[in-house]
Every structure is written in structure tokens, then in C-alpha cells.
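Chemist: Quick one: this structure, given as C-alpha cells, is what I'll be asking you about.
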Amino acid sequence: MAERDDEEETLFEAPPIAEQERMIEAIVFASAEPVGMAELNARLPLGSDAAEALVYLCKRYEGRGVTLVKVGDAWAFRTAPDLGFVMQKERVETRKLSRAAIETLAIIAYHQPVTRAEIEEIRGVSVSRGTVDQLLELEWIRFGRRKMSPGRPVTFVVTEEFLDHFGLESARDLPGLKELRAAGLLDNRPQPGNLPGAAGGEDDGDGDNGPEDQSEMFEE
Amino acid sequence: MAERDDEEETLFEAPPIAEQERMIEAIVFASAEPVGMAELNARLPLGSDAAEALVYLCKRYEGRGVTLVKVGDAWAFRTAPDLGFVMQKERVETRKLSRAAIETLAIIAYHQPVTRAEIEEIRGVSVSRGTVDQLLELEWIRFGRRKMSPGRPVTFVVTEEFLDHFGLESARDLPGLKELRAAGLLDNRPQPGNLPGAAGGEDDGDGDNGPEDQSEMFEE
Amino acid sequence: MADPIIDTVSPIDARRAAEALIVDVDGFEGPLDLLLTLSRTQKVDLRGVSILALSEQYLGFIDRAKSLRIELAADYLVMAAWLAFLKSRLLLPSEPGDEGPSGEELAAHLAFQLERLQAMRERAAQIMGRDQKGRDFFARGVPENIARTRRTTYTATLLDLMQGYARLRTRDDFRPYVMDRDRVLTLEQALDRMRPLIGFAGGWTDLSSYLPEGWEADPGLRRSATAATFAASLELAREGRIELRQAETYAPIQIRRKDSHG
């Protein structure tokens, strides 16, 4: 390939074919859509020959983990069909955590070890069983040591998994109020719905568990 | 590699290293984000050795249009920087960072973990909320471990995204880090007496956060 | 311009200088930045910069700004005052009784600060000058996440978490929940109150006599105190410290210390 000496194009000397191949490789890799021949030729330096470079590039990826494939009239990289099984990462459908769950989680993170009663006191509404269950299931919280107070209630603490998910090294590294404010996260406007006396409602309409049946699910 | 004869694992014989290389190629190629070593090992068949296969893969892409780069403890394919000129179409216009933001970023990168007060001491002006906000939003910085100093202030550190964006393998590869350290410019030199300049106040008139209220929430 | 008189009285070039200064002061990011810029006029390596000369330059700059009635931010004035102090320390021989760091130490630290800021600026420029993702090099344009199985998971970011917490805490600014306790005797309080007292309860005494003073009159307070005291007595009984008895339903509850009767 290097023997090409196109004397007629000395003014705009085309890069060596190996360089053209590199350029096409980069373009096709970064493009959001398959790239057509016309576009390749338009983007390569004058005098380049995308068709020829593509032949080399195609060969280079033969048998590799990714291959260069022709999609209609354009080119794209695709995972080798036989490797589908390593690409079968479970499709994880992610949903936003509910506000009740986020608040409960935040209280546990900031006040751990914390009892259910304390969470309810801070939130001003009772904590539904579903919310706690969900957080336990996500493995973001777990049961902590029982509190040495009457009734010896169980406490909740956050887990390693939690720290991992939120990119924290320890729960103590959570920013404080001052820092939240400094980072502009603290909206200072009062929320009309949350003025005094708004407490008491159920956080998500799961009405069969008032604060009194908290023992039911945690007592052995 | 193939010489491993873990008798207990004969059931799951690891694929040949060339196959492991293909699999890693497929996984890393498919992802826009760097893929961590832990994830690679989890997705390869039992008995595989991602670290070894990566050595081969890395070599294979040396000098290509797309290269394998290490970002922290993760791997990603990125187009070769020298080909930027054919990539205009993919270029994303980014909001220009203010001088304050750029300096703050550099200070965090070189002094991490670093507190807001330390950043202010180095720059000689208070750090505006917007500056930190912008860097957090770009995901170039995140909250780090709290400092074991009075008030236990939070610190900032740079992220994997920062390393990825600037093509750094680790924060240790920051330009001129060694020279700065040798010149003592990264020392935490205490001030003799009280030198002005490290303004304590908030520069955006958000005056309602005295230094005392960051501890408030962690005090029992 | 603060004062129109200046405009008419001063010569044109003074006015121009004044305007330039305003622009410049705005352009500086604080006193340290101004000092760093001034130090460049000395045309020496930052390690060799004369802090004394620099202090004089800075003070001169501030004086000029003042005479032109330019409003200076407080930290510029604080720095000016400090540099004036430093200057006097550097010029006058230190006396044996002098407290605090010497002028040389203070000057050395200021030089260090300037050098460090300069170094950070240079590094910042170097970082920004590097090849950047999305500008010079690129990630895969079509990430393939082939997936067959589906699993629902929930996610939240640290921002969500902090905002959630901030929301609760801001609400507390308006509904300080601790204040609600004014009219509530907690179990802990009742226990704290009873523990030292039961030592004296050798004989059977009415539980109602353990209510704290001032809690009997108001029905609400009395109810809370009675409930807490009763719960505390159950707790003490569980610990084996006291015994409880009640003659009949609704009769007064009585307690006594347990160890007195083995």
C-alpha cells in the first residue's frame, strides 16, 4: 500500500493509507450513526481514498471482539455476534427512588444509628413498611445495634453498598447543612405544605401501619 | 494463564487468553464509560484473568486510531488525540469555565483532599457557590472524606470523570506534581500569625451559615 | 464614577487613570491576585521578590484608588492595613519583648502564598491545555448495551439525598420539632428523675408522687408526665430495681425498691 505515489496530487498530499485507516477507525468509533462513504471522504484530508482504507480496516477487525460491519450503505462497529453472552449484562431498569424513601434514607445516613421512631419524629410522618423494606432490599440500609433505651428498639444504619453507590468513603463524609447551603442545594423557600401542623399523614398512603405497629415487623 | 490447573475449577475451564482478550475488547468497546476491573472480571467466564488479557489488548491498540486507556482502575477506548482534526463533527461545545473555576479545579486536583477554607487560603478570595456547583455538576469533583480537624469540614477530591476528561491515568499523573511537591508548594504551611487574604466570608451574600452549623447535625 | 466634581476638575488623563483602575480592581480576584500582578513589575523570579517593595507598591495602589474615591472591597483594605504593619515590622529592628512572628517570617509566608498561587495558575493552564474528551478525543458514539434480562432497581444520586435531607432540615427551620417537647415528659427524662429517687422508696409509695413538680396542674402536662413515669417504672421493674402493685383496677399504682426485700 505504501508504494502508491500519486504524482498528480502533490499539492495536497494525501496521508499514507495507514493514517487514513486510523482516521476512519476514529470517525466510525465516535460517530453516533453508521458513517457513509461520502461522509468519510468528506472528512478525510483531500486525496484520501476511504474505500481503500476501509478494506484494510475491515481486515484488521476480522475475528476481533468488535467488527466493522456495513449497515445499509454505511459503516459501523458492532460487537462480534458470538460474544453476545458477555454483553448480556442484565438490563437494569432504574427508577428514581420515591421522595419518602430518599428522605428516610437521608435521615438514616445523617443520624445513624437511628430508630424508626426517631425517623418518624424528624420526618413528621410515619414511615411506611414498604419504604423501609425497599431500602433494606436495595441493601442501602441494614439493622444496626439495638438501642440501649427502653424497649430496646432496633436501629438502622447505612451499608457499605450505600457508601459505594453514593461515592462516599464514610457516612461522616456527607456534607452538612452549611455545606449544602454553600453548594446551593438548600432551597431556602419554605414549603407551604410543610408548615407547622402538617405532620401526621402517611407518607405514601400505605395506611395500615401507624407508628404503633413498628414493633410488629422487627421484634424477633 | 492456561497453565492454571485449579482442580476445583475444571468444570469452568477459563477460555484461552486470546478469547478473553476478545471479550474484554467487546465489553470495553461497547461502553462509553470506563469499565472497572471488577466489572470485567465479573463479566468474563470463571477463571479468566482480565489483567493479563488487558496487557495484550493494550498492545494491540497501540498507535491505532482508537486506543485503550486506563482511567483510575478502569479501562476505556478513546480516539487518539492526534486525530482531533478529523473529529470536528463530534466535538461538543462546552460552557467556558471561569478563571475561578479553573483555578479551583487545579487546587482541588493538586491538594486533594482539600477543604473549602484551604482553597480560599490558596486563592486569597472566598470561593463562590457557583464555582463549586459548576465543578460538581460537571462531575469533575466530588465530596471526599471529612478532615480530622476542628469542625470536621468536608473535603473535595477530583473524580474518575475528571481523569477521563483530561486523559489522565491517575491523579498522580498531573503535570508537574513532583516538582510542586519538591518545591514545597503543596505543603500545608501554617500561617505565622494572621495573614489576611483567606477571606472567611461567603462572597455571595449567603450570610446565614455561620461556621458553627455544620457540626450541628452530627452532634448527638 | 462616584463624584461628578472629579470629572470636571481633574485633568483628562487622571480621569482615564481612574477608569482604568476601576476596571483593574474589578479584574483582580482579591488582594493576593493584585499582589501577584504587582510583583510582576519587579521582573524577578517570585522567590526573589522583595516583599517590602511589593508592600509599598500595593499601598501606593490603594492610596491612589482612595484619592480617586474608588470604592474598594473590604478585603483590599484589610490587606493594606496588614501590609502597612508588615512594612513597619520589616523596617524596624525587632525588640526583645516583641510578640508573634518576625517580619521576615511573615514576609516569607506571603512570598510562599504568592508562589503557590502562581504555581496553581500555571498548572491550571496546563490542565486546561491537555487533550480533552469531547474536544480532542472521543468516546464510543453508540454505546451498545445489549441486554436481554430486565431487573428493576432504584436509584438516587447524592444530590437527591442531600436535597431530601436539606428539605427536611429547612422545614425544621419553620417547625422546630424539638420545641414540641416543651409539653412532653420523655421516658428518658422520667427515668433520669426516678433512678436517684427509688433508693429512698423502701416502702410502698404511690407512683403519682414521682411526678415532677409543676406537671400536676395542667391536665396535658399531667397526662404526659404520668404516662412517662409509669413507663419508666415498668422499665425499672424489668431491670429488677423495683416492684409494682395495684390493689384493683383503676386503683393507685404503688412501687417500692426491690433489694430491700431480697
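FYI, nothing fancy with the C-alpha cells labels: chains A, B, ... in order, residues from 1 per chain, ligands from 1 as they appear.
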Identify all residues of range 31-200 of chain A in strand (DSSP E) (DSSP on the backbone) and supply them as a PyMOL selection string.
Modeler: chain A and resi 35-36+66-71+74-79+91-96+114-115+141-143+155-158
Chemist: Grab the residues selected above and save them as a compact mmCIF listing (two decimals), in the first residue's frame with C-alpha atoms.
Modeler:
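Result file selection-v5.txt:
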```
# COMPACT_ATOMS: atom_id res chain seq x y z
CA VAL A 35 -20.90 6.59 8.62
CA GLY A 36 -21.41 6.61 4.86
CA VAL A 66 -15.70 -5.98 17.64
CA THR A 67 -16.06 -5.99 13.90
CA LEU A 68 -16.59 -3.40 11.24
CA VAL A 69 -19.93 -4.02 9.60
CA LYS A 70 -21.77 -2.50 6.70
CA VAL A 71 -25.16 -1.16 7.68
CA ALA A 74 -22.69 2.96 5.84
CA TRP A 75 -20.15 1.56 8.27
CA ALA A 76 -20.28 0.90 11.98
CA PHE A 77 -18.52 -1.09 14.67
CA ARG A 78 -20.53 -3.86 16.28
CA THR A 79 -19.79 -6.44 18.92
CA ARG A 91 -30.74 -4.75 31.65
CA VAL A 92 -31.23 -2.84 34.76
CA GLU A 93 -34.21 -0.65 34.66
CA THR A 94 -33.53 2.14 37.00
CA ARG A 95 -36.21 4.16 38.62
CA LYS A 96 -35.94 7.15 40.82
CA VAL A 114 -31.41 5.73 64.26
CA THR A 115 -34.66 4.09 65.34
CA ILE A 141 -29.61 0.13 54.97
CA ARG A 142 -29.41 -2.69 57.46
CA PHE A 143 -30.32 -3.29 61.06
CA THR A 155 -31.81 0.88 64.79
CA PHE A 156 -30.97 1.35 61.15
CA VAL A 157 -27.59 2.16 59.71
CA VAL A 158 -26.38 2.57 56.15
```
Chemist: Select from range 44-87 of chain C everything DSSP, run on the backbone, classes as helix (DSSP H, G or I), then give the selection as an NGL selection string.
Modeler: :C and (46-48 or 51-67 or 74-87)
Chemist: Restricting the output to C-alpha atoms, write the selected residues as a compact mmCIF listing (two decimals), in the first residue's frame.
Modeler:
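Output contents, as saved in result.txt:
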```
# COMPACT_ATOMS: atom_id res chain seq x y z
CA LEU C 46 8.91 35.05 42.62
CA ARG C 47 11.40 33.51 45.05
CA GLY C 48 13.45 36.67 44.91
CA ILE C 51 8.06 41.83 49.85
CA LEU C 52 8.96 45.26 51.20
CA ALA C 53 8.90 46.81 47.74
CA LEU C 54 5.75 44.90 46.95
CA SER C 55 4.05 46.18 50.10
CA GLU C 56 4.92 49.73 49.09
CA GLN C 57 3.55 49.19 45.60
CA TYR C 58 0.34 47.77 47.00
CA LEU C 59 -0.08 50.60 49.50
CA GLY C 60 0.60 53.11 46.75
CA PHE C 61 -2.02 51.48 44.58
CA ILE C 62 -4.58 51.56 47.37
CA ASP C 63 -3.76 55.22 48.15
CA ARG C 64 -4.25 56.19 44.54
CA ALA C 65 -7.53 54.31 44.43
CA LYS C 66 -8.65 56.07 47.59
CA SER C 67 -7.70 59.52 46.33
CA ALA C 74 -13.04 45.46 52.49
CA ASP C 75 -10.51 42.71 51.96
CA TYR C 76 -8.31 45.04 49.90
CA LEU C 77 -8.27 47.46 52.81
CA VAL C 78 -7.59 44.70 55.31
CA MET C 79 -4.64 43.60 53.24
CA ALA C 80 -3.42 47.21 53.04
CA ALA C 81 -3.54 47.54 56.81
CA TRP C 82 -1.73 44.26 57.23
CA LEU C 83 0.95 45.18 54.72
CA ALA C 84 1.49 48.51 56.48
CA PHE C 85 2.02 46.53 59.66
CA LEU C 86 4.36 44.13 57.87
CA LYS C 87 6.29 47.05 56.44
```
Chemist: Could you work out which residues of chain B fall inside 7 Å of chain A? Count only C-alpha atoms, and format the result as a PyMOL selection string.
Modeler: chain B and resi 22-23+25-27+43-44+64-66+79+83+86-87+90+129+132-133+144-146+154+209+213-214+217
Chemist: Write the residues of the preceding selection, restricted to C-alpha atoms, as a PDB file, in the first residue's frame.
Modeler:
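Output file again19.pdb is given in full below:
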```
ATOM      1  CA  ARG B  22     -11.745 -10.507  22.530  1.00  0.00           C
ATOM      2  CA  MET B  23     -14.341 -10.482  25.249  1.00  0.00           C
ATOM      3  CA  GLU B  25     -12.439  -5.790  23.699  1.00  0.00           C
ATOM      4  CA  ALA B  26     -16.167  -6.235  23.132  1.00  0.00           C
ATOM      5  CA  ILE B  27     -17.158  -5.133  26.629  1.00  0.00           C
ATOM      6  CA  ARG B  43     -18.454 -10.495  33.232  1.00  0.00           C
ATOM      7  CA  LEU B  44     -15.702 -12.779  31.962  1.00  0.00           C
ATOM      8  CA  ARG B  64      -4.241   2.830  16.338  1.00  0.00           C
ATOM      9  CA  GLY B  65      -6.951   5.402  15.645  1.00  0.00           C
ATOM     10  CA  VAL B  66      -8.675   4.216  18.774  1.00  0.00           C
ATOM     11  CA  THR B  79      -9.941   8.037  19.858  1.00  0.00           C
ATOM     12  CA  LEU B  83      -6.809  12.747  15.211  1.00  0.00           C
ATOM     13  CA  VAL B  86     -10.976  14.910  11.646  1.00  0.00           C
ATOM     14  CA  MET B  87     -13.420  14.789  14.542  1.00  0.00           C
ATOM     15  CA  GLU B  90     -18.307  15.019  17.157  1.00  0.00           C
ATOM     16  CA  ARG B 129     -21.098  28.862  45.416  1.00  0.00           C
ATOM     17  CA  VAL B 132     -18.096  24.642  43.285  1.00  0.00           C
ATOM     18  CA  ASP B 133     -21.535  23.975  41.897  1.00  0.00           C
ATOM     19  CA  GLY B 144     -14.271  13.415  49.876  1.00  0.00           C
ATOM     20  CA  ARG B 145     -13.533  12.306  53.375  1.00  0.00           C
ATOM     21  CA  ARG B 146     -14.056  14.810  56.170  1.00  0.00           C
ATOM     22  CA  VAL B 154     -15.860  18.204  54.193  1.00  0.00           C
ATOM     23  CA  ASN B 209     -24.458  29.930  57.564  1.00  0.00           C
ATOM     24  CA  ASP B 213     -23.910  24.994  61.955  1.00  0.00           C
ATOM     25  CA  GLN B 214     -22.075  22.350  60.087  1.00  0.00           C
ATOM     26  CA  MET B 217     -26.308  17.983  62.665  1.00  0.00           C
TER      27      MET B 217
END
```
Chemist: Select, as a PyMOL selection string, those residues of chain C with any atom no more than 7 Å from chain B (distances computed using only C-alpha atoms).
Modeler: chain C and resi 29-32+75+78-79+100-101+105-106+109+113+116-117+120-121+123-124+130-140+143-145
Chemist: Suppose you want the space between CA of Ile255 in chain C and CA of Asp192 in chain C; what is it in Å?
Modeler: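 These atoms are spaced 16.5 Å apart.
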